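Here's the structure we're looking at; comments come further down.
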Amino acid sequence: MLKFICPICEIETDETELTPGGEAHLKRMGPGSSDQNFYTYLFERKNPRGIHFERWLHSYGCGKWFHVVRCTKTMEVFGTYSAQDTKPPKKILDAIKKKLPNGKNVK
Amino acid sequence: MSDKLEFSNNLFTIKDLYLPGMVSIRTHLFDKKFQKIIKDILKINVPNKLEFTFNKNLYLAWMSPNELLLFSKNLNEILKLITIIEDTLKGIESLVLDVSSSRTVFSIKGSLWRELLAKGTPINLCPNKFTSKSFRRTRLGQVSTAFWMVKTDQVYIVCGRSFKEFFFKWLCNAANEKSIIKFF
Amino acid sequence: MTSRFSKGGILINRKKKLSFKFNGKNLFGFSGDTLASALLANNQVLIGRSFKYHRPRGFVSSGVEEPNALLSIGSGGSLEPNRSATTLELFDGIEAMSQNHFGSLEWDIGSISNFLSKIFPAGFYYKTFIKPRFAWKHIFEPTIRSAAGLGKAPKEHDLSSYDFFYAHLDVVIVGGGISGLVTAKNLASLGLKILLVEQKHFFGGYALSEEFKINNLDSSEFIKNLEDDLSKNENVILKKNFSIVGVHDHSYLLGLENFEVLESEDHSSIRHRLWRIRTKHLILATGAIERPLVFAGNDIPGVILSSAANEFYKLYGISQGDRVILITNNDSAYSAVVELFNAGISIPLVIDVREKSVGELPLKVKDLGIRVEFGKAITKVLGKKRVKAVEICSIVGEGSVLETIICDSVLMSGGWTSTLNLWSHCGGKIKWDNQLNTLVPDETKQSTNELGQSFISVVGSARGQFWPSELFDNMEKVIKNICEIFNLKKIKYEKYQIKEIIHEKTSPISCVPESADENLKGKSFVDYQNDVKLTDLRIATQEGFESVEHLKRYTTLGMATDQGKLSNINGIKILSHLVGKEINEVGTTTFRPPYTPISLGSIAGEARKELFKPIRKTPMHKWHQENGAIWEPVGDWQRPYTYLRNNETKEEAVYREVKNTRNSLGMLDASTLGKIIVSGNDAGEFLDLIYTNMMSTLKPGRCRYGLMCNENGFLFDDGVVARLNEKTFLCHTTTGGSDRVYSWMEEWHQTEWWDKKVFIQNLTEEYAQITIAGPKARLLLEKLGGLNVESKKFQPLDFIEGKLGNFDVRVFRISFSGELSFEIATPSANGEALWIRCLELGSELGITSYGTEALHIMRAEKGFIMIGDETDGTVIPQDLNLDWAVSKKKKDFIGKRAHERIYMQDPNRKTLVGLSLKDSTQKIPDGAYALKSGGNGAEDVLGHITSTYFSPSLDKPIAMALLKNGKSLKGQEVDIPLGSGNKLRAIVVDPQFYDIEGKRQNV
Amino acid sequence: MKKYSAFSLIKESFNNHFGWEKAWKKNNLKKSYKVIIVGAGGHGLATAYYLGKNFGIRDVAVIEKGWLGGGNTGRNTTIIRSNYLQEESAAIYEKSRSLYEKLSQELNYNVMFSPRGVMMLCQTEHELRAMRRTYYANRIFGVDTEMVSPARMKEMIPIININGPRFPILGGLWQPRGGTARHDAVAWGYARAISNWGVDIIENCEVIGVNKNKNKINSVETTKGTINCEKMCFIVAGSSSILAELCGFRLPVESVALQALVSEPIKPVMHCVVMANTVHGYMSQSDKGEMVIGGGADGYNNYTQRGSFQHIEETVRALIETFPFISRLRQLRQWGGIVDMTGDRSPIISKTPIENIYVNCGWGTGGFKAIPGSGWATAELIANGEPGELAAPFSLARFKEGRMIDESVAAAVAH
Ligand SMILES: Cc1cc2nc3c(=O)[nH]c(=O)nc-3n(C[C@H](O)[C@H](O)[C@H](O)COP(=O)(O)OP(=O)(O)OC[C@H]3O[C@@H](n4cnc5c(N)ncnc54)[C@H](O)[C@@H]3O)c2cc1C
Ligand SMILES: NC(=O)c1ccc[n+]([C@@H]2O[C@H](COP(=O)([O-])OP(=O)(O)OC[C@H]3O[C@@H](n4cnc5c(N)ncnc54)[C@H](O)[C@@H]3O)[C@@H](O)[C@H]2O)c1
Ligand SMILES: Cc1cc2nc3c(=O)[nH]c(=O)nc-3n(C[C@H](O)[C@H](O)[C@H](O)COP(=O)(O)O)c2cc1C
Ligand SMILES: [Zn+2]
């Protein structure tokens, strides 16, 4: 049973109050994009064993989407940030670097 | 549906506050102009995150960074206020809607209300976490709700109107005197 | 004979006698007993039959690890199968029945399989029953199945109630033994919120039945004081009958609190409460469990763990027999012998498999004059339903009998296993410690919480430190650590004085004699409940099932209701021996929740019957209820399917409703339709992206039918959009779609197009909505009065706002039935009143209410699509001839790119057509398929029927279908195979059947 | 290989069963193989089996990072059915089901395939309609099913509650020849058969890299060394994205946890498999007597083989509603598996961007039933380098073309 700090409400929220929304920072491909790009956007996922950038919705709370950085192997949460941030904040990236100095993902 | 929903036992009194008034105000809450307007009209401050402010019969609660819920037990008061607020907010990006019919409010009286609610919501209801200022939206007994404390021994809970009979049954079940823990 | 001493028993209250039944016999016990101790007090040693071979079994333990003593408790709606007698606190009136026997417990016909046990070793069923093929289905499997299971399932509804609770804590301490209590005591003054739980009905754990001094107090007195102390402390919640059963991600714990005794006294009390706990720190003081030794006949009733015998004696005043022997590989088990001897039991022999021991306890036993034999073992236990004697042999060798000793009970001890299940539930690793002869937590591989930090500490014998003087070795460290975690000033830790007991090391031996012959091994049980013997483990490894996981699955070792609490360690020791690997190389199987089985009822909690799932009701629900509505669940909503009058059938009612609406007037509760406000300067632009058609060009005061696709291009919702004013739109959605569409819009707004200036609000519940349809619809609105609804003023797809009678309304002129139709929206609070008003005024116009089925028929007669019928998540608007609602002008909208993909352009896509039957007495069945006429097989499939009805308006069957290249099939015949093997012949037509020119709705 | 039979069992009993051989050999790696299959789950082993049986290709290694059958094959709720809506699905699942019927005899290993019947409940009008559609599709595509009335259902499953106040049962889709099988035995049986042919099964050996030359693979790196191969196929369910990453491409799959639980064993009370899709839960009783229960998958990416308790909760609630008697039974154990969900919830048996690498994955929550059929089809793909009829619709290309095979449309969960 996961819990995250909703960056909007700034409180701990229980998984039962949230809705998962899959990989974050996907670039939407609209009309005119190539078949490959459109396929990548719709279907191809990183699905890493390790650090995952993902989206969650505080559905039973403020109703806002937010970003989470979570390890899919240990469930460690490296931080949460706004859905309108197109990149993860430096603080979170630093925390990840500290955990995985060689840049490789967790085994 | 107009049948009143009421329940009481030795510990709790649960009541549907039949037809109170509610207004949803959507705008950017941090906007200073907006804050002033609210202060002028309602004589209360825009509440902080996860909190509510009040003035006699009026409660103004934080729903999200761009939504407030204005609540009064008196529907007419609210209906009057809506027009005023709407008019005053004209220049500001906002949406003011009467939602009095969308939702209903239950009052739960009884000093053990924290215990009752903790049967259904995962949020931390310890007195130092959920205080007399707090306003929380949560999933409670499978229903989307919001609640706040109006007296030390009384809370108000909002839920969607169509859920109210189900939710009322849930509350009555949770009010079971035989299942008291005295946790808080 | 087992019996109760006339004195003693710390837990029982001899003044309070309780009666209970076992297999119909009336028996008595005392308050404070467990069912197990009460049965033993009545000399009931034979208690059940094993799973596979139906061997007679008795108690081996006194706690949650019990594999044998499983009983069915209660009857009817309160029957509970497989309840271990050792964990059930006795209450008045318990009815207990033994399980898994054909015939009586004493004379079980099923025990024939015991004689065949040699032919039926582990995994035998994979090797046989293969041929002939039909025999498996008709003979073998039914035979195997009929032998399955232990107790019988209840047949009636469960009458008990179950409770839930969410708790947030700083520290949870699991285990109310001496270690847990002392830890709590040390933390109690820190101001942290602490929960200490003990699964049993008493505190103290093993220390309660042990004799040692702590701070100069008797251990039992020390515990009593601690308990009293803690129960007065505000920061500590002390709970008995409460078991932590699971540790889940992000430090989420599940705990089950048991109120069975209370419930037996007061039926309105709850039975179980499932606690869902978030804790910052978790302390395991879960203690240790004694291991059996593996020798022939170690399962015969009367063979019991030495610690269990000791507990039964000290806590409940029970003696296991008149002549008791002990077999042990360690010193600790000697204490039971001392106790029993002092109580006057005859102890003919203590067998110690070790070469020697100069520990204090063995010496004491010798001093008492008890015969102790070192380096010896048990060849086998004699007796069938009760121990009669044991044959003694040397530990080395195959087990030639040296001597036979008469006795009626055998105590055994194979050392101790620390209880570390909870340490591992969430990924923590454990390792074997040869020195301590137990599993210990691997501190380098711990479970972690959401911060990636470890959050579990282990204290007491759960760490493998079993002797009293060692119990608190790491207590100071744990307390300090907690102070650091919570940023508290370090507190002084008080040292405890416990006299050290000089002891010898436990022997690693767990099977005796070491080279027992095959016949003995075939009677030496490792897993009692599942009848896994030494020979099974040998055969399995010989066949290559050497991974501990394969061994488990092949032999079912550790898969019984006790989950291997007694058997797992012996199992891996034996495995390590068989494959010649270190225990740590062999590893353990995975510990999984729950630690002890929990009732499914407690998992469901209160969510059963009417609280199972939320039900949503419209403002007019009560009226529907009182007027014959048959309900149809749509999402969480309940909608009237139709209203039954007098003795009508469902079908008759529906046809009546359709005809009445078409001929005069009908009204429908449409309140469940989704109503979403989208408002702001960019609202039009935003909706242009959400809908396939153009919404920004809609004029205020007007409505437009719109479609929504997902990014895959598939149609997922539709509805009428009304432009309320320059910047505000009201979007109607389907009943099931309102929440989905609202979240959909929010998601796109928040995560992709947050620059668009809009606010979105779901007003579904704010308005009750009533559809007034039929030729007399306008008359009714005029009667209600207040609005000008003349056809010139109020055109199709217009809406007006104002007062209708006394009601604040918004009226839309939209039609889903093909009739002249108005949808009236009014605040929900007035919904019921308006509905009743319409009925009153409409009665002389012949109004009738209609339900969803009539609605569906009427829309099908008109060829209107229905989300969920004509669509199924794979259909694009173009398939439904809705190209006109898909903008070609817009640069972008959700789904547009997807429509450009090859397969979406395929001319062979299925498209919507109508079907008309030649024989109008027939009806095309729901879900049927259409084939090329004359076709039979899969290659002839054209598509499937999406909607099919008998049309009361046209008095003939109608249907719609999605057929391959449907447009090209117009006028052709297709075949529709029926379940019966017959076929219907249909003609492909336009999917509009009724009032094709649309005259009726445009009046 | 010693033949298994009642006779050999009795004979061995006189010899204290000392004569049994290893079910599959513990081999050492050779330098090179014609085909390397990564993943010794049911699908990997079955693929090796049909490669040997149908194409005579036996110079094969099956590489397994843990213990054979320890992935989802060893942790599923063992439901076998083929009453799928879409033609392509029906074809492969029905092929599979029919292979299951004779699998014990074919492998000389009792996989305990138990055609006890699968009942899918209809609890709303909408579901009833959708199920009827499936029924008619089944008739045409050669899958034997029938619709049953609530009354008939009550006769067949006396413990069911057909009058649930909230979701009364309106009917059911019954597949009499669906059922269950002993999941571990399926893996062990295939392993025994291929090992007997000389196929190497290498356990405790993880593939950690692939060596490519241009667009072709020539060897794989494992924790036990480098192995050359002519072709490679990875069949690793929840780990598919990881293998794909090693190979240098991505897949349209996500790994999520699916959980199951068992009750304590009770005497037989329910003789068929029941699936309740509206309330979302399914249950059958194993030959040992436990009620085997499963439900919905988590919605977030996960590699831990643990899931969130809320799904257990929802599943149990749903089943108590449908089978009130289970309320007083106890949950004995719960566990999770990592399943690979594709964009349309249908599997992938396909060529990949790398010329001689093939993939079989995406079975998600429902691939146990497909093991023989999928092995059959995958063997064909590997042997010929091109998919046969069964596999062709399940290519990766379908996602680009928009030609999805969506089973969820029939309102069915995919088990
Ligand atoms: C709880 C649950 C219930 C289910 N219920 C059903 C059901 O009732 N009916 C049904 O039909 N299906 C069901 N399924 C789905 C079914 O179990 C799977 O679809 C099926 O078992 C997949 O088999 P597989 O052989 O593809 O994968 P697996 O059995 O998972 O095998 C893959 C193997 O690959 C190995 N591997 C991974 N990475 C590497 C590497 N780098 N190197 C070497 N080896 C590697 C893994 O260790 C594993 O052994 C269920 C699944 C779960 C989890
Ligand atoms: N001399 C020896 O070799 C030896 C060996 C073993 C035990 N002992 C004695 O046993 C005692 C050990 O004390 P301790 O406190 O460490 O252990 P304990 O076994 O006395 O107490 C542990 C308690 O935790 C409870 N528990 C376990 N799992 C639980 C769960 N999941 N939820 C709720 N409760 C749970 C148990 O019911 C038990 O009461 C000492 O008195 C020690 O002398 C001695
Ligand atoms: C069909 C089926 C039946 C099972 N029955 C039992 C059982 O009776 N007892 C038990 O302890 N576990 C049972 N299990 C669960 C396994 O012990 C184990 O949890 C599961 O295979 C997952 O492996 P893991 O827990 O080692 O990760 C069963 C599993 C399956 C798939
Ligand atoms: Zn929030």
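Here, A, B, ... name the chains of the structure tokens in the order displayed, residue numbers run from 1 inside each chain, and ligands are numbered from 1 in the same displayed order.
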**OP:** Write down as a PyMOL selection string the residues of range 75-159 of chain B whose backbone DSSP state falls under helix (DSSP H, G or I).
**Re:** chain B and resi 75-88+113-118
Report as a tab-separated table the residues of chain B within 9 Å of chain C, each with its shortest atom pair and distance in Å (one decimal), using only C-alpha atoms, ordered by chain and increasing residue number.
```
residue	atom	partner	partner_atom	distance
B:Met1	CA	C:Lys622	CA	5.9
B:Ser2	CA	C:Glu832	CA	8.6
B:Leu19	CA	C:Ala829	CA	7.5
B:Ser24	CA	C:Gln761	CA	8.9
B:Arg26	CA	C:Phe759	CA	6.9
B:Thr27	CA	C:Phe759	CA	8.0
B:Asn66	CA	C:Phe759	CA	8.9
B:Glu93	CA	C:Gly680	CA	7.1
B:Ser94	CA	C:Phe759	CA	7.4
B:Leu95	CA	C:Phe759	CA	6.7
B:Leu97	CA	C:Gln761	CA	8.7
B:Asp98	CA	C:Glu766	CA	8.3
B:Val99	CA	C:Glu766	CA	6.0
B:Ser100	CA	C:Glu766	CA	7.2
B:Ser101	CA	C:Glu766	CA	4.8
B:Ser102	CA	C:Glu766	CA	3.9
B:Arg103	CA	C:Glu765	CA	7.4
B:Glu115	CA	C:Phe165	CA	8.2
B:Leu116	CA	C:Phe165	CA	8.9
B:Leu117	CA	C:Phe165	CA	8.9
B:Ala118	CA	C:Tyr166	CA	5.3
B:Lys119	CA	C:Phe165	CA	4.3
B:Gly120	CA	C:Phe165	CA	7.1
B:Thr121	CA	C:Tyr166	CA	6.8
B:Pro122	CA	C:Tyr166	CA	5.7
B:Ile123	CA	C:Tyr166	CA	8.0
B:Asn124	CA	C:His168	CA	6.1
B:Leu125	CA	C:His168	CA	8.3
B:Cys126	CA	C:His168	CA	7.9
B:Gly141	CA	C:Ala607	CA	8.4
B:Gln142	CA	C:Pro614	CA	6.9
B:Val143	CA	C:Pro614	CA	7.1
B:Gly160	CA	C:Glu765	CA	7.2
B:Arg161	CA	C:Glu765	CA	6.5
B:Ser162	CA	C:Arg616	CA	4.7
B:Phe163	CA	C:Arg616	CA	5.0
B:Lys164	CA	C:Arg616	CA	8.0
B:Glu165	CA	C:Lys617	CA	8.1
B:Phe166	CA	C:Pro614	CA	5.9
B:Phe167	CA	C:Pro614	CA	7.6
B:Lys169	CA	C:Leu611	CA	7.5
B:Trp170	CA	C:Leu611	CA	6.6
B:Asn173	CA	C:Glu606	CA	7.9
B:Ala174	CA	C:Asp163	CA	8.2
B:Asn176	CA	C:Ser269	CA	8.9
B:Glu177	CA	C:Ser269	CA	8.8
B:Lys178	CA	C:Ser269	CA	5.4
B:Ser179	CA	C:Ile270	CA	6.6
B:Phe183	CA	C:Ile237	CA	7.9
```
**OP:** Within 8 Å of ligand 3, which residues show up when you count only C-alpha atoms and all ligand atoms? List them as a ChimeraX atom specification, please.
**Re:** /C:549,553,556,558-561,563,589-592 /D:70,73-78,182-183,260-265,286,288-290,292,305,332-337
Same residues, N, CA and C atoms, saved as a short mmCIF file (atom, residue, chain, number, x, y, z; two decimals), in the first residue's frame:
```cif
data_model
loop_
_atom_site.label_atom_id
_atom_site.label_comp_id
_atom_site.auth_asym_id
_atom_site.auth_seq_id
_atom_site.Cartn_x
_atom_site.Cartn_y
_atom_site.Cartn_z
N GLU C 549 12.24 -24.14 -3.29
CA GLU C 549 10.90 -23.81 -3.80
C GLU C 549 10.27 -25.01 -4.51
N ARG C 553 6.88 -27.21 -3.36
CA ARG C 553 5.74 -27.42 -4.24
C ARG C 553 5.53 -28.89 -4.59
N THR C 556 4.60 -30.36 -0.87
CA THR C 556 3.67 -29.51 -0.10
C THR C 556 4.18 -29.21 1.31
N GLY C 558 5.26 -27.25 4.26
CA GLY C 558 5.09 -25.85 4.67
C GLY C 558 3.91 -25.15 4.04
N MET C 559 3.08 -25.90 3.32
CA MET C 559 1.94 -25.25 2.64
C MET C 559 0.62 -25.46 3.38
N ALA C 560 0.70 -26.04 4.55
CA ALA C 560 -0.54 -26.30 5.27
C ALA C 560 -0.97 -25.04 6.02
N THR C 561 -2.00 -25.18 6.84
CA THR C 561 -2.58 -23.98 7.47
C THR C 561 -1.61 -23.33 8.45
N GLN C 563 1.49 -23.02 7.72
CA GLN C 563 2.52 -22.42 6.85
C GLN C 563 3.94 -22.79 7.30
N THR C 589 11.93 -20.65 1.79
CA THR C 589 10.85 -20.20 0.92
C THR C 589 10.39 -18.83 1.39
N THR C 590 9.54 -18.22 0.61
CA THR C 590 9.13 -16.84 0.92
C THR C 590 8.05 -16.81 2.00
N PHE C 591 8.28 -15.96 2.99
CA PHE C 591 7.21 -15.71 3.97
C PHE C 591 6.21 -14.76 3.33
N ARG C 592 4.97 -15.10 3.41
CA ARG C 592 3.93 -14.25 2.83
C ARG C 592 2.88 -13.96 3.88
N GLY D 70 9.14 -20.74 -11.76
CA GLY D 70 8.98 -19.87 -10.59
C GLY D 70 8.39 -18.50 -10.90
N THR D 73 3.99 -18.71 -14.06
CA THR D 73 3.50 -20.07 -14.23
C THR D 73 3.32 -20.73 -12.87
N GLY D 74 4.16 -20.40 -11.93
CA GLY D 74 4.08 -21.02 -10.62
C GLY D 74 3.22 -20.26 -9.64
N ARG D 75 2.53 -19.24 -10.09
CA ARG D 75 1.79 -18.43 -9.12
C ARG D 75 0.45 -17.95 -9.68
N ASN D 76 -0.10 -18.69 -10.60
CA ASN D 76 -1.37 -18.22 -11.16
C ASN D 76 -2.53 -19.06 -10.65
N THR D 77 -3.73 -18.59 -10.94
CA THR D 77 -4.92 -19.25 -10.40
C THR D 77 -5.43 -20.36 -11.33
N THR D 78 -4.67 -20.70 -12.31
CA THR D 78 -4.79 -21.92 -13.12
C THR D 78 -6.08 -22.06 -13.93
N ARG D 182 -2.89 -28.42 -12.86
CA ARG D 182 -1.89 -28.22 -11.80
C ARG D 182 -0.75 -27.43 -12.42
N HIS D 183 -0.66 -26.14 -12.00
CA HIS D 183 0.25 -25.24 -12.71
C HIS D 183 1.70 -25.71 -12.72
N ALA D 260 -3.05 -13.05 -5.88
CA ALA D 260 -4.00 -14.13 -5.67
C ALA D 260 -3.92 -14.53 -4.21
N LEU D 261 -4.90 -15.29 -3.79
CA LEU D 261 -4.86 -15.77 -2.41
C LEU D 261 -5.55 -17.12 -2.33
N VAL D 262 -5.23 -17.85 -1.29
CA VAL D 262 -5.94 -19.10 -1.04
C VAL D 262 -6.51 -19.08 0.37
N SER D 263 -7.63 -19.77 0.50
CA SER D 263 -8.19 -19.97 1.82
C SER D 263 -7.59 -21.24 2.40
N GLU D 264 -7.91 -21.51 3.62
CA GLU D 264 -7.54 -22.81 4.18
C GLU D 264 -8.35 -23.88 3.46
N PRO D 265 -7.83 -25.11 3.43
CA PRO D 265 -8.54 -26.15 2.68
C PRO D 265 -9.83 -26.58 3.37
N SER D 286 -9.21 -25.92 -5.34
CA SER D 286 -8.14 -26.80 -5.81
C SER D 286 -8.41 -28.23 -5.37
N LYS D 288 -6.73 -29.83 -3.53
CA LYS D 288 -6.39 -30.00 -2.12
C LYS D 288 -7.45 -29.39 -1.21
N GLY D 289 -8.32 -28.60 -1.79
CA GLY D 289 -9.43 -28.07 -1.02
C GLY D 289 -9.41 -26.57 -0.75
N GLU D 290 -8.28 -25.89 -1.03
CA GLU D 290 -8.31 -24.45 -0.81
C GLU D 290 -9.19 -23.79 -1.85
N VAL D 292 -9.17 -21.02 -4.33
CA VAL D 292 -8.13 -20.23 -4.99
C VAL D 292 -8.82 -19.00 -5.58
N GLN D 305 6.72 -8.54 -6.96
CA GLN D 305 5.89 -9.72 -6.65
C GLN D 305 5.07 -9.52 -5.38
N LEU D 332 -5.35 -18.00 3.89
CA LEU D 332 -4.15 -18.70 4.32
C LEU D 332 -2.89 -17.98 3.84
N ARG D 333 -2.93 -17.54 2.61
CA ARG D 333 -1.72 -16.96 2.03
C ARG D 333 -2.11 -16.07 0.86
N GLN D 334 -1.38 -15.03 0.66
CA GLN D 334 -1.56 -14.21 -0.53
C GLN D 334 -0.21 -14.00 -1.17
N TRP D 335 -0.21 -13.80 -2.47
CA TRP D 335 1.07 -13.60 -3.14
C TRP D 335 0.81 -12.79 -4.41
N GLY D 336 1.88 -12.39 -5.05
CA GLY D 336 1.71 -11.63 -6.28
C GLY D 336 2.64 -12.13 -7.36
N GLY D 337 2.29 -11.83 -8.57
CA GLY D 337 3.16 -12.11 -9.70
C GLY D 337 3.24 -10.84 -10.53
#
```
Subject >> Selection near Ile85 in chain B, 12 Å with only C-alpha atoms, sequence-local residues under 6 positions removed, as a VMD selection string >> reply: chain B and resid 23 to 27 34 to 42 70 78 to 79 91 to 92 94 to 98
**OP:** Return as a list in words the residues belonging to chain D that are within 7 Å of chain A, counting only C-alpha atoms.
**Re:** Ser241, Ile242, Arg250, Leu251, Pro252, Val253, Glu254, Ser255, Gly299, Tyr300, Asn301, Asn302, Tyr303, Thr304, Ser308, Phe309, Gly343, Phe399 and Lys400 of chain D
Original post:
Can you tell me which residues sit at most 6 Å away from ligand 2, counting only C-alpha atoms and all ligand atoms, written as a PyMOL selection string?
Top reply: chain C and resi 174-180+197-200+205-207+242-245+285-288+332+416+460-462+466-468
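Near chain A, counting only C-alpha atoms at 8 Å, the chain C residues are His248, Asp249, His250, Tyr252, Thr448, Asn449, Glu450, Leu451, Gly452, Glu711, Asn712, Glu747, Gln750, Thr751, Trp754, Lys891, Asp892, Lys896, Arg897, Glu900 and Arg901 of chain C.
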Selection above as a file: C-alpha atoms, as a compact mmCIF listing (two decimals), in the first residue's frame:
```
# COMPACT_ATOMS: atom_id res chain seq x y z
CA HIS C 248 3.17 -4.19 3.36
CA ASP C 249 4.92 -1.54 1.31
CA HIS C 250 5.42 1.91 2.76
CA TYR C 252 1.59 -0.40 6.14
CA THR C 448 12.58 -0.46 3.63
CA ASN C 449 9.88 2.16 3.80
CA GLU C 450 8.90 4.89 1.39
CA LEU C 451 12.09 6.78 2.18
CA GLY C 452 14.22 3.81 1.35
CA GLU C 711 -6.11 8.84 -28.16
CA ASN C 712 -6.59 5.51 -29.88
CA GLU C 747 -6.50 15.30 -16.89
CA GLN C 750 -3.91 19.75 -16.01
CA THR C 751 -1.33 17.66 -17.79
CA TRP C 754 -2.81 23.86 -18.71
CA LYS C 891 -6.05 20.75 -36.82
CA ASP C 892 -6.18 18.55 -33.81
CA LYS C 896 -7.52 12.59 -34.77
CA ARG C 897 -4.01 11.25 -35.22
CA GLU C 900 -5.01 8.39 -39.69
CA ARG C 901 -3.56 4.93 -39.05
```
**OP:** Output as a PyMOL selection string all residues of chain A that backbone DSSP marks as strand (DSSP E or B).
**Re:** chain A and resi 3-5+12-14+19-23+51-57+65-71+77-82
Original post:
Skipping near chain neighbours, those fewer than 6 positions away, what residues fall within 12 Å of Leu834 in chain C using only C-alpha atoms, listed as a PyMOL selection string?
Top reply: chain C and resi 619-620+623+667+669+767-772+781+784+803-809+824-828+840-842
Original post:
Which polymer residues have any atom within 10 Å of an atom of Leu75 in chain B, counting only C-alpha atoms, with same-chain residues fewer than 4 positions away left out, as a list of chain:residue names?
Top reply: B:Tyr18, B:Leu19, B:Pro20, B:Gly21, B:Met22, B:Phe71, B:Leu79, B:Lys80, B:Leu81, B:Ser100
With N, CA, C and O atoms retained, could you export that selection as a CSV table (one decimal), in the first residue's frame?
```
chain,number,residue,atom,x,y,z
B,18,TYR,N,-30.6,19.0,6.2
B,18,TYR,CA,-31.3,19.0,5.0
B,18,TYR,C,-31.2,20.4,4.3
B,18,TYR,O,-31.6,21.4,4.8
B,19,LEU,N,-30.7,20.3,3.1
B,19,LEU,CA,-30.6,21.5,2.2
B,19,LEU,C,-29.9,22.7,2.8
B,19,LEU,O,-30.5,23.8,2.9
B,20,PRO,N,-28.7,22.6,3.1
B,20,PRO,CA,-27.9,23.8,3.4
B,20,PRO,C,-27.5,24.4,2.1
B,20,PRO,O,-27.8,23.9,1.0
B,21,GLY,N,-26.8,25.6,2.1
B,21,GLY,CA,-26.4,26.2,0.9
B,21,GLY,C,-24.9,26.0,0.7
B,21,GLY,O,-24.1,26.0,1.6
B,22,MET,N,-24.5,25.8,-0.6
B,22,MET,CA,-23.1,25.6,-0.9
B,22,MET,C,-22.8,26.3,-2.2
B,22,MET,O,-23.5,26.2,-3.2
B,71,PHE,N,-20.0,27.5,2.5
B,71,PHE,CA,-21.1,26.7,3.0
B,71,PHE,C,-21.8,27.5,4.1
B,71,PHE,O,-21.2,28.2,4.9
B,79,LEU,N,-27.8,31.9,-1.5
B,79,LEU,CA,-28.3,32.3,-2.8
B,79,LEU,C,-28.1,33.8,-3.0
B,79,LEU,O,-27.7,34.3,-4.1
B,80,LYS,N,-28.2,34.6,-1.9
B,80,LYS,CA,-27.9,36.0,-2.0
B,80,LYS,C,-26.5,36.3,-2.3
B,80,LYS,O,-26.1,37.1,-3.2
B,81,LEU,N,-25.6,35.5,-1.6
B,81,LEU,CA,-24.2,35.8,-1.8
B,81,LEU,C,-23.7,35.4,-3.2
B,81,LEU,O,-22.8,36.1,-3.7
B,100,SER,N,-25.6,23.7,-4.1
B,100,SER,CA,-26.4,23.3,-2.9
B,100,SER,C,-27.1,22.0,-3.2
B,100,SER,O,-27.3,21.3,-2.2
```
Original post:
Separation of CA of Asp926 in chain C and CA of Asp955 in chain C, in Å?
Top reply: 18.3 Å
**OP:** Report as an NGL selection string the set of chain D residues whose atoms approach chain C to within 6 Å, with distances computed over only C-alpha atoms.
**Re:** :D and (4-6 or 10 or 13 or 21-23 or 105 or 109-110 or 129 or 132-133 or 136 or 140-141 or 265-267 or 287-289 or 313 or 317 or 324-325 or 327-333 or 401-403 or 409)
